[in-house]
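Student: The following block contains the structure, expressed as structure tokens.
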Amino acid sequence: MPKSAPNKVYIIGHKSPDCDSIVSAIAYAEIKNALAGWASAHACASQDAPGEPHYVYIPARPGPVNHETATVLSSFGFEAPQFVPNVYPQVSDVQFDKPMLVPEGAPLRDVWRGMLDAKSATACIIDPDGRLSGLATLGDIARAELYAPAQKDRYSFPMANLVKVLGAEVLAEGQPEFDGRVFVGDIGVDWARNAMSACDMLVVSDRPDLQRVAIEKGIAALMITDAGRAPVSRELVKLARSGGTWVLSVEADTHSCLGLLWQAVPVDQVMTKHDVATFILDDLVSEVREEMRTRPFKLYPVMDEHGRPTGMIGGNHLADPAHKRIVMVDHNEKTQSVEGIDTAIVLEVIDHHRIGSIETDHPILFVNRPWGSTATIVSALARQNHVTLSPALSGLLASAIISDTLAFKSPTSTVQDRLEAESLATCAGVNLGKLAQAVLEAKTYIEDADPGEILRSDFKEFTVGKSRLGIGQATTSGGFSADLKRQLLAATRNLMEDAGYALVALMLTDVTEGGSEVLWAARDGSLAERAFGYTGVEAGAQVFWLPGVVSRKQQFAPEIMRAVRELERS
Ligand SMILES: [Mn+2]
């Protein structure tokens, strides 16, 4: 029977997640789940800000949480979203079958009937804790029947299985497990007395003499067939009880009973125990497909996190391509997105960046606003959809707006950002100015003051004509120590020389002052003057302050690129 379709939707930001992308994912998931709950309660499909009733929205992140984000999350009591390193289809995205679960000791008859009922040719055999002990196929059961006569009439099974399979009446009970030979009542009394031992069974009809010999020998079990025709005497039953011999009374004839013995054998005797391939929900579909190619079975167990079978999967289930569903927040370019994005279905994009090269098969909800943060857009969407955010979530969103707009000092900041942040801060019961201070402090915290690390942590390379330029940026509040700056300047110069750059610059952007201190290492001494009008900068390395310059992409890099082009032409 097929399992219901997987209905997870990941809401996920860009690689190297920042505070805005993590917080936007958390808040937008909250809004979508509220809308989905509302839509399902009112039995309707929701409209253009969809919360599909059957979807569950899960905030996710494709990379580690940085110090700033971790601080903001914990101060409002939130956990980091689930880490999703890629969105390639996994077993959990596939519609697979429910498993047929059978306990180890079950008689083959029950397993076989269960397979016919479930229309499944493979059963998972489980131990008392529900863990997989092996697999049994219809083929295993057929083999057990075919080989039964070749076993020289030696059987091993719980007597309870035999009673069940034959529908026998129990007249006397002995040991619970049978493990011995089976004799048929067409033998002579003397021969029976010599040949039978305490672990054996005699299947016999109307032969009181043989019955008595068997019971006196203390054999394990006596099966009386055709019982309606010739009932066993009370005296013999009494004798059997005192000696611990089973006496079963069966209506069927001897021939039929012998033919049914194999059905009492417990399934664990015929199942495949070793080298059974299993998969887990997290396995990638591509790897599962590869693995199945090398194996003989049609179906394989899918295990849950406790090592218990939760499904059966086979090549047929992989015929239809599986997909993950995602909502992209704080980015819209696939190159910036989580690995495997090309295999996923993008349901929505909520973003505030330039529109890149996204292409979809279906119309999607695409919300793009030229505002300072995605968190601002998410806050506006909550209001637009009449979803009330909790005080904690409001505080979290306000923090993300502050973080992305550098407390409204970035040139990307708009009046909308300030309005949303103010209303969120009021809802959260926090002072916006104090919150801004705390967020900026967390943003400028440098855990590892290793100069090389600081230079590389946010470093972008640009090519202009024949020149390669490297521009790094680090955020500070109140500046770095003079000693650290000396080390950073040396690192900047070394990188320029070692890696053959025409220029390496590091912006130490001071979010409190609203400007950047630039550590500059250029081959051409006139470059700083051409770009920013600074005359005192020698070839080699220098430091200068650029008031009001906080954005690398909007303010800093374009000036340098213009200057390099000029220089190359001259
Ligand atoms: Mn952003």
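Letters A, B, ... go to the chains of the structure tokens in the order shown; residues in each chain start at 1; ligands are counted from 1 in the same order.
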Write out as a list in words each polymer residue whose atoms come within 7 Å of range 367-383 of chain A, counting only C-alpha atoms; drop sequence neighbours fewer than 3 positions from it.
Tutor: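 Near range 367-383 of chain A, the qualifying residues are Asp20, Ser24, Tyr28, Ile31, Asp330, Val349, Ile350, Asp351, His352, His386, Val387, Thr388, Leu397, Ala400, Ile401, Asp404, Thr405, Thr412, Ser413, Thr414, Gln416, Asp417 and Glu420 of chain A.
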Student: Residues at most 6 Å from range 262-266 of chain A, counting only C-alpha atoms, excluding those fewer than 2 positions away in the same chain, as a ChimeraX atom specification?
Tutor: /A:105-109,157,161-162,260,268-269
Student: The selected residues should be written to file as a compact mmCIF listing (two decimals), in the first residue's frame (atoms: N, CA and C atoms).
Tutor:
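What landed in selection22.txt:
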```txt
# COMPACT_ATOMS: atom_id res chain seq x y z
N GLY A 105 9.33 -15.79 14.74
CA GLY A 105 8.86 -17.17 14.95
C GLY A 105 7.61 -17.53 14.16
N ALA A 106 7.08 -16.60 13.34
CA ALA A 106 5.80 -16.86 12.66
C ALA A 106 5.90 -18.06 11.74
N PRO A 107 4.85 -18.92 11.71
CA PRO A 107 4.89 -20.07 10.80
C PRO A 107 4.83 -19.63 9.34
N LEU A 108 5.50 -20.40 8.46
CA LEU A 108 5.56 -20.03 7.05
C LEU A 108 4.16 -19.86 6.46
N ARG A 109 3.20 -20.64 6.97
CA ARG A 109 1.84 -20.55 6.44
C ARG A 109 1.30 -19.12 6.58
N PHE A 157 10.35 -26.79 14.88
CA PHE A 157 9.39 -25.67 14.95
C PHE A 157 8.77 -25.60 16.34
N ASN A 161 3.10 -23.46 16.58
CA ASN A 161 2.93 -23.25 15.14
C ASN A 161 2.18 -24.41 14.51
N LEU A 162 2.55 -25.62 14.93
CA LEU A 162 1.95 -26.82 14.34
C LEU A 162 0.45 -26.89 14.68
N LEU A 260 1.43 -30.70 5.38
CA LEU A 260 1.34 -29.36 5.98
C LEU A 260 2.46 -29.06 6.97
N ASP A 268 12.11 -17.51 10.41
CA ASP A 268 13.54 -17.18 10.56
C ASP A 268 14.46 -18.31 10.10
N GLN A 269 13.90 -19.54 9.92
CA GLN A 269 14.73 -20.64 9.41
C GLN A 269 14.97 -20.52 7.90
```
Student: Determine which residues of range 307-409 of chain A DSSP labels as helix (DSSP H, G or I) from the backbone of this structure, then write them out as a PDB file with N, CA and C atoms, in the first residue's frame.
Tutor:
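Produced file result.pdb, reproduced below:
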```
ATOM      1  N   GLY A 315      13.105  -0.681  -7.513  1.00  0.00           N
ATOM      2  CA  GLY A 315      13.374   0.068  -8.742  1.00  0.00           C
ATOM      3  C   GLY A 315      12.140   0.787  -9.275  1.00  0.00           C
ATOM      4  N   ASN A 316      10.965   0.158  -9.131  1.00  0.00           N
ATOM      5  CA  ASN A 316       9.732   0.769  -9.637  1.00  0.00           C
ATOM      6  C   ASN A 316       9.453   2.117  -8.994  1.00  0.00           C
ATOM      7  N   HIS A 317       9.761   2.191  -7.690  1.00  0.00           N
ATOM      8  CA  HIS A 317       9.491   3.446  -6.977  1.00  0.00           C
ATOM      9  C   HIS A 317      10.390   4.571  -7.462  1.00  0.00           C
ATOM     10  N   LEU A 318      11.533   4.198  -8.045  1.00  0.00           N
ATOM     11  CA  LEU A 318      12.490   5.218  -8.471  1.00  0.00           C
ATOM     12  C   LEU A 318      12.280   5.625  -9.930  1.00  0.00           C
ATOM     13  N   LYS A 334      20.679  30.855  -8.710  1.00  0.00           N
ATOM     14  CA  LYS A 334      20.980  29.464  -8.402  1.00  0.00           C
ATOM     15  C   LYS A 334      22.425  29.257  -7.984  1.00  0.00           C
ATOM     16  N   THR A 335      23.329  30.107  -8.504  1.00  0.00           N
ATOM     17  CA  THR A 335      24.742  29.956  -8.141  1.00  0.00           C
ATOM     18  C   THR A 335      24.967  30.235  -6.659  1.00  0.00           C
ATOM     19  N   GLN A 336      24.055  31.003  -6.037  1.00  0.00           N
ATOM     20  CA  GLN A 336      24.228  31.321  -4.617  1.00  0.00           C
ATOM     21  C   GLN A 336      23.459  30.341  -3.742  1.00  0.00           C
ATOM     22  N   ILE A 341      20.064  22.489  -6.197  1.00  0.00           N
ATOM     23  CA  ILE A 341      18.870  23.310  -6.463  1.00  0.00           C
ATOM     24  C   ILE A 341      18.233  22.942  -7.796  1.00  0.00           C
ATOM     25  N   ASP A 342      19.042  22.492  -8.776  1.00  0.00           N
ATOM     26  CA  ASP A 342      18.488  22.163 -10.089  1.00  0.00           C
ATOM     27  C   ASP A 342      17.566  20.956 -10.054  1.00  0.00           C
ATOM     28  N   THR A 343      17.671  20.124  -8.993  1.00  0.00           N
ATOM     29  CA  THR A 343      16.794  18.957  -8.898  1.00  0.00           C
ATOM     30  C   THR A 343      15.540  19.277  -8.086  1.00  0.00           C
ATOM     31  N   THR A 374      15.507  41.133   3.560  1.00  0.00           N
ATOM     32  CA  THR A 374      14.383  40.228   3.298  1.00  0.00           C
ATOM     33  C   THR A 374      13.464  40.194   4.516  1.00  0.00           C
ATOM     34  N   ALA A 375      14.045  40.366   5.705  1.00  0.00           N
ATOM     35  CA  ALA A 375      13.237  40.365   6.930  1.00  0.00           C
ATOM     36  C   ALA A 375      12.163  41.453   6.869  1.00  0.00           C
ATOM     37  N   THR A 376      12.472  42.600   6.239  1.00  0.00           N
ATOM     38  CA  THR A 376      11.484  43.677   6.086  1.00  0.00           C
ATOM     39  C   THR A 376      10.305  43.190   5.246  1.00  0.00           C
ATOM     40  N   ILE A 377      10.619  42.467   4.165  1.00  0.00           N
ATOM     41  CA  ILE A 377       9.569  41.951   3.275  1.00  0.00           C
ATOM     42  C   ILE A 377       8.714  40.921   4.010  1.00  0.00           C
ATOM     43  N   VAL A 378       9.381  40.037   4.773  1.00  0.00           N
ATOM     44  CA  VAL A 378       8.653  38.985   5.495  1.00  0.00           C
ATOM     45  C   VAL A 378       7.720  39.621   6.528  1.00  0.00           C
ATOM     46  N   SER A 379       8.189  40.662   7.199  1.00  0.00           N
ATOM     47  CA  SER A 379       7.360  41.348   8.181  1.00  0.00           C
ATOM     48  C   SER A 379       6.128  41.958   7.499  1.00  0.00           C
ATOM     49  N   ALA A 380       6.340  42.568   6.333  1.00  0.00           N
ATOM     50  CA  ALA A 380       5.212  43.162   5.604  1.00  0.00           C
ATOM     51  C   ALA A 380       4.235  42.087   5.132  1.00  0.00           C
ATOM     52  N   LEU A 381       4.772  40.911   4.714  1.00  0.00           N
ATOM     53  CA  LEU A 381       3.910  39.812   4.250  1.00  0.00           C
ATOM     54  C   LEU A 381       3.042  39.276   5.381  1.00  0.00           C
ATOM     55  N   ALA A 382       3.588  39.259   6.600  1.00  0.00           N
ATOM     56  CA  ALA A 382       2.817  38.783   7.754  1.00  0.00           C
ATOM     57  C   ALA A 382       1.597  39.687   7.935  1.00  0.00           C
ATOM     58  N   ARG A 383       1.823  40.993   7.896  1.00  0.00           N
ATOM     59  CA  ARG A 383       0.727  41.940   8.085  1.00  0.00           C
ATOM     60  C   ARG A 383      -0.296  41.808   6.961  1.00  0.00           C
ATOM     61  N   GLN A 384       0.223  41.743   5.732  1.00  0.00           N
ATOM     62  CA  GLN A 384      -0.634  41.631   4.551  1.00  0.00           C
ATOM     63  C   GLN A 384      -1.551  40.399   4.628  1.00  0.00           C
ATOM     64  N   PRO A 391       5.879  38.042  20.027  1.00  0.00           N
ATOM     65  CA  PRO A 391       6.872  39.049  20.400  1.00  0.00           C
ATOM     66  C   PRO A 391       8.308  38.579  20.113  1.00  0.00           C
ATOM     67  N   ALA A 392       8.602  37.296  20.409  1.00  0.00           N
ATOM     68  CA  ALA A 392       9.969  36.795  20.199  1.00  0.00           C
ATOM     69  C   ALA A 392      10.337  36.831  18.718  1.00  0.00           C
ATOM     70  N   LEU A 393       9.404  36.375  17.865  1.00  0.00           N
ATOM     71  CA  LEU A 393       9.686  36.356  16.428  1.00  0.00           C
ATOM     72  C   LEU A 393       9.801  37.791  15.889  1.00  0.00           C
ATOM     73  N   SER A 394       9.002  38.721  16.444  1.00  0.00           N
ATOM     74  CA  SER A 394       9.107  40.125  16.040  1.00  0.00           C
ATOM     75  C   SER A 394      10.487  40.679  16.384  1.00  0.00           C
ATOM     76  N   GLY A 395      10.965  40.345  17.589  1.00  0.00           N
ATOM     77  CA  GLY A 395      12.296  40.801  18.004  1.00  0.00           C
ATOM     78  C   GLY A 395      13.379  40.239  17.088  1.00  0.00           C
ATOM     79  N   LEU A 396      13.193  38.973  16.693  1.00  0.00           N
ATOM     80  CA  LEU A 396      14.155  38.313  15.811  1.00  0.00           C
ATOM     81  C   LEU A 396      14.199  39.018  14.446  1.00  0.00           C
ATOM     82  N   LEU A 397      13.026  39.315  13.902  1.00  0.00           N
ATOM     83  CA  LEU A 397      12.960  39.989  12.596  1.00  0.00           C
ATOM     84  C   LEU A 397      13.554  41.400  12.669  1.00  0.00           C
ATOM     85  N   ALA A 398      13.252  42.112  13.755  1.00  0.00           N
ATOM     86  CA  ALA A 398      13.813  43.459  13.914  1.00  0.00           C
ATOM     87  C   ALA A 398      15.343  43.377  13.917  1.00  0.00           C
ATOM     88  N   SER A 399      15.895  42.368  14.588  1.00  0.00           N
ATOM     89  CA  SER A 399      17.351  42.191  14.646  1.00  0.00           C
ATOM     90  C   SER A 399      17.931  41.959  13.257  1.00  0.00           C
ATOM     91  N   ALA A 400      17.213  41.156  12.445  1.00  0.00           N
ATOM     92  CA  ALA A 400      17.716  40.851  11.094  1.00  0.00           C
ATOM     93  C   ALA A 400      17.700  42.103  10.214  1.00  0.00           C
ATOM     94  N   ILE A 401      16.664  42.937  10.382  1.00  0.00           N
ATOM     95  CA  ILE A 401      16.616  44.190   9.602  1.00  0.00           C
ATOM     96  C   ILE A 401      17.810  45.070   9.981  1.00  0.00           C
ATOM     97  N   ILE A 402      18.050  45.191  11.291  1.00  0.00           N
ATOM     98  CA  ILE A 402      19.194  45.986  11.771  1.00  0.00           C
ATOM     99  C   ILE A 402      20.493  45.440  11.186  1.00  0.00           C
ATOM    100  N   SER A 403      20.619  44.112  11.213  1.00  0.00           N
ATOM    101  CA  SER A 403      21.851  43.477  10.753  1.00  0.00           C
ATOM    102  C   SER A 403      22.103  43.758   9.272  1.00  0.00           C
ATOM    103  N   ASP A 404      21.072  43.597   8.435  1.00  0.00           N
ATOM    104  CA  ASP A 404      21.278  43.733   6.990  1.00  0.00           C
ATOM    105  C   ASP A 404      21.422  45.199   6.561  1.00  0.00           C
TER     106      ASP A 404
END
```
